[in-house]
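Have a look at the structure below before the remarks.
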Amino acid sequence: MARIPLRALYGFAGFLGWLAFRVFPYRERVVRENLTRAFPDFDEARLRSVMRGYYLGFAQMLVEVIKSVTLPADEIRRRVRIVNLEAARTLLEQGQSVLLVAAHQCNWEWMLLALSIELGYPLDAAYKPLVDNWAEREMRKVRTRFGCRLVPAMDLLADIIKRRGVVRAVAMVADQEPTTSEHKYWTGFLNRDTAFYLGPEEIARVTGFPVFFVAMRRTARGHYEMQFEPLASAGQSLPAGALTERYAHRVEEQIRSAPGDWPWSHKRWKLKRSLYQNRGRSGA
């Protein structure tokens with residue numbers, strides 16, 4: 001399928017998105033509930049418009065990931081424009097590693113490929129290995145084809161410490177829901193009490209890495225723009241939870257600006273905050 005022209009693949013994506021929205025609704029209850037809770041002011045017409053856009057956008061991302069197997073670097077450069085990369089690159093040139101945090105907005109797989117091509121320095125990306133061996137093998141091939149190094153998220157901090165002499169960028173997509181066994185930070189997010197990973201904050205505290213939020217927005221079908229925004233400077237001392245709060249706030253702003261480009265079918269709010277956990281506090 002990766003050898004099929006992208007224009008034809010987008011035609012297939014349009015059909016697939018229509019099926020998922022009209023014929024065989026994919027997790028419709030989850031999508032509708034998540035959107036209704038996040039945007040209580042949406043009327044039915046607006047809600048269905050966002051849902052339709054979500055299913056179409058997700059199908060387009062699917063074929064874009066498939067096409068990533070054969071897409072040349074120049075084509076990715078043309079389709080993913082990076083804004084304000086100079087600030088992070090200057091720090092790398094000075095021998096300072098950086099931490100990049102992003103969200104599952106638009107096409108995060110192309111975000112990784114574009115960074116691998118344009119950064120000019122080693123890029124380590126935290127990820128969760130897939131359960132299916134075939135899927136894990138094939139996705140590793142795609143994600144590493146331009147030199148990115150994948151590190152299991154649970155091993156990331158130890159790996160950073162072990163390879164502290166290597167100047168590099170460390171990338172994390174940190175808007176997933178933490179498991180019940182992981183430390184987490186609770187805050188208000190999209191009108192709900194929401195748990196966030198403390199991993200980026202802990203890494204920044206231990207390493208002193210400066211932190212950038214990498215925002216991504218869709219500019220046209222198959223075209224995106226990435227922007228680097230500073231969240232914390234090198235060695236900056238912040239109160240506990242402050243960096244995670246900044247990250248959560250920026251992710252919510254990004255979602256509200258383009259609600260159809262975030263994965264609403266994911267069961268993001270399975271965890272419930274204990275009555276004994278205060279909002280804005282971490283807990284296991």
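Naming works like this for the structure tokens: A, B, ... for the chains as they're shown, residue 1 at the start of each chain, ligands 1 onward in shown order.
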Pull the closest atom pair for each residue of segment 101-175 of chain A that gets at most 9 Å from segment 221-245 of chain A, along with the distance in Å to one decimal, counting only C-alpha atoms, ordering rows by chain and then ascending residue number, as CSV.
residue,atom,partner,partner_atom,distance
A:Cys106,CA,A:Tyr224,CA,8.0
A:Asn107,CA,A:Tyr224,CA,8.2
A:Trp110,CA,A:Tyr224,CA,9.0
A:Met111,CA,A:Met226,CA,7.6
Backbone-only DSSP, helix (DSSP H, G or I) members of segment 3-50 of chain A, as a ChimeraX atom specification: /A:6-23,28-38,44-50
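Between atom CA of Ala2 of chain A and atom CA of Lys128 of chain A the interatomic distance comes to 24.1 Å.
As for atom CA of Leu198 of chain A and atom CA of Pro178 of chain A, they are spaced 8.9 Å apart.
Shell of His104 of chain A at 9 Å, with only C-alpha atoms counted and residues fewer than 6 places along the chain excluded, is Val173, Ala174, Asp175, Gln176, Asp261, Trp262 and Pro263 of chain A.
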Once you have the residues from the selection above, write them out as a PDB file, in the first residue's frame, restricted to C-alpha atoms.
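Saved result, selection.pdb, follows:
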ATOM      1  CA  VAL A 173       4.478  12.522  23.671  1.00  0.00           C
ATOM      2  CA  ALA A 174       3.096  12.863  27.180  1.00  0.00           C
ATOM      3  CA  ASP A 175      -0.672  13.309  26.990  1.00  0.00           C
ATOM      4  CA  GLN A 176      -1.540   9.630  27.476  1.00  0.00           C
ATOM      5  CA  ASP A 261      -7.192  16.710  15.444  1.00  0.00           C
ATOM      6  CA  TRP A 262      -6.961  15.021  18.865  1.00  0.00           C
ATOM      7  CA  PRO A 263      -7.758  11.273  19.405  1.00  0.00           C
TER       8      PRO A 263
END
Can you write out as CSV which residues of segment 42-104 of chain A fall within 6 Å of segment 17-35 of chain A, alongside each residue's closest atom pair and its distance in Å to one decimal, counting only C-alpha atoms and ordering rows by chain and ascending residue number?
residue,atom,partner,partner_atom,distance
A:Tyr55,CA,A:Gly17,CA,5.0
A:Leu56,CA,A:Gly17,CA,4.4
A:Ala59,CA,A:Gly17,CA,5.5
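Once Lys141 of chain A and its same-chain neighbours fewer than 2 positions away are set aside, Val65, Ile66, Ser68, Val69, Thr70, Leu113, Trp134, Ala135, Glu136, Arg137, Glu138, Met139, Arg143, Thr144, Arg145, Phe146, Gly147, Cys148, Arg149 and Leu150 of chain A remain within 12 Å of it when counting only C-alpha atoms.
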Nearest-residue call for Leu16 of chain A, choices A:Gln94, A:Gln60, A:Thr187, A:Thr207, using only C-alpha atoms: A:Gln60
All residues 9 Å or closer to Ala126 of chain A, only C-alpha atoms, same chain fewer than 5 positions away omitted, as a list of chain:residue names: A:Arg149, A:Leu150, A:Val151, A:Pro152, A:Ala153, A:Met154, A:Asp155, A:Leu156, A:Val170, A:Ala171, A:Met172, A:Val173
How would the residues just picked look written out with N, CA and C atoms as a PDB file, in the first residue's frame?
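Below you can see out-v4.pdb, which holds the result:
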ATOM      1  N   ARG A 149      16.337   7.246  17.467  1.00  0.00           N
ATOM      2  CA  ARG A 149      16.583   6.118  18.365  1.00  0.00           C
ATOM      3  C   ARG A 149      15.403   5.996  19.327  1.00  0.00           C
ATOM      4  N   LEU A 150      14.776   4.843  19.381  1.00  0.00           N
ATOM      5  CA  LEU A 150      13.629   4.619  20.254  1.00  0.00           C
ATOM      6  C   LEU A 150      14.083   4.039  21.588  1.00  0.00           C
ATOM      7  N   VAL A 151      13.502   4.567  22.669  1.00  0.00           N
ATOM      8  CA  VAL A 151      13.817   4.103  24.016  1.00  0.00           C
ATOM      9  C   VAL A 151      12.500   3.824  24.741  1.00  0.00           C
ATOM     10  N   PRO A 152      12.308   2.618  25.276  1.00  0.00           N
ATOM     11  CA  PRO A 152      11.091   2.373  26.052  1.00  0.00           C
ATOM     12  C   PRO A 152      10.925   3.417  27.151  1.00  0.00           C
ATOM     13  N   ALA A 153       9.719   3.946  27.295  1.00  0.00           N
ATOM     14  CA  ALA A 153       9.484   5.049  28.236  1.00  0.00           C
ATOM     15  C   ALA A 153       9.929   4.719  29.648  1.00  0.00           C
ATOM     16  N   MET A 154       9.714   3.479  30.075  1.00  0.00           N
ATOM     17  CA  MET A 154      10.062   3.112  31.442  1.00  0.00           C
ATOM     18  C   MET A 154      11.583   3.101  31.662  1.00  0.00           C
ATOM     19  N   ASP A 155      12.356   3.052  30.578  1.00  0.00           N
ATOM     20  CA  ASP A 155      13.819   3.026  30.689  1.00  0.00           C
ATOM     21  C   ASP A 155      14.450   4.368  30.356  1.00  0.00           C
ATOM     22  N   LEU A 156      13.644   5.382  30.081  1.00  0.00           N
ATOM     23  CA  LEU A 156      14.175   6.613  29.506  1.00  0.00           C
ATOM     24  C   LEU A 156      15.131   7.344  30.454  1.00  0.00           C
ATOM     25  N   VAL A 170      15.721  14.759  23.444  1.00  0.00           N
ATOM     26  CA  VAL A 170      14.894  13.665  23.947  1.00  0.00           C
ATOM     27  C   VAL A 170      13.439  14.073  23.758  1.00  0.00           C
ATOM     28  N   ALA A 171      12.668  13.250  23.047  1.00  0.00           N
ATOM     29  CA  ALA A 171      11.290  13.598  22.698  1.00  0.00           C
ATOM     30  C   ALA A 171      10.303  12.691  23.413  1.00  0.00           C
ATOM     31  N   MET A 172       9.221  13.292  23.900  1.00  0.00           N
ATOM     32  CA  MET A 172       8.165  12.548  24.586  1.00  0.00           C
ATOM     33  C   MET A 172       6.803  13.076  24.150  1.00  0.00           C
ATOM     34  N   VAL A 173       5.884  12.168  23.865  1.00  0.00           N
ATOM     35  CA  VAL A 173       4.478  12.522  23.671  1.00  0.00           C
ATOM     36  C   VAL A 173       3.773  12.130  24.961  1.00  0.00           C
TER      37      VAL A 173
END
Atomic distance atom CA of Gly11 of chain A - atom CA of Val63 of chain A, expressed in Å with one decimal: 9.8 Å
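For the residues A:Ser274, A:Thr219, A:Thr194, A:Gln96, ranking by smallest atom-to-atom distance to Ala248 of chain A using only C-alpha atoms places A:Thr194 first.
For segment 3-109 of chain A, backbone-based DSSP labels the following residues as strand (DSSP E): Val80, Arg81, Ile82, Val83, Val98, Leu99, Leu100, Val101 and Ala102 of chain A.
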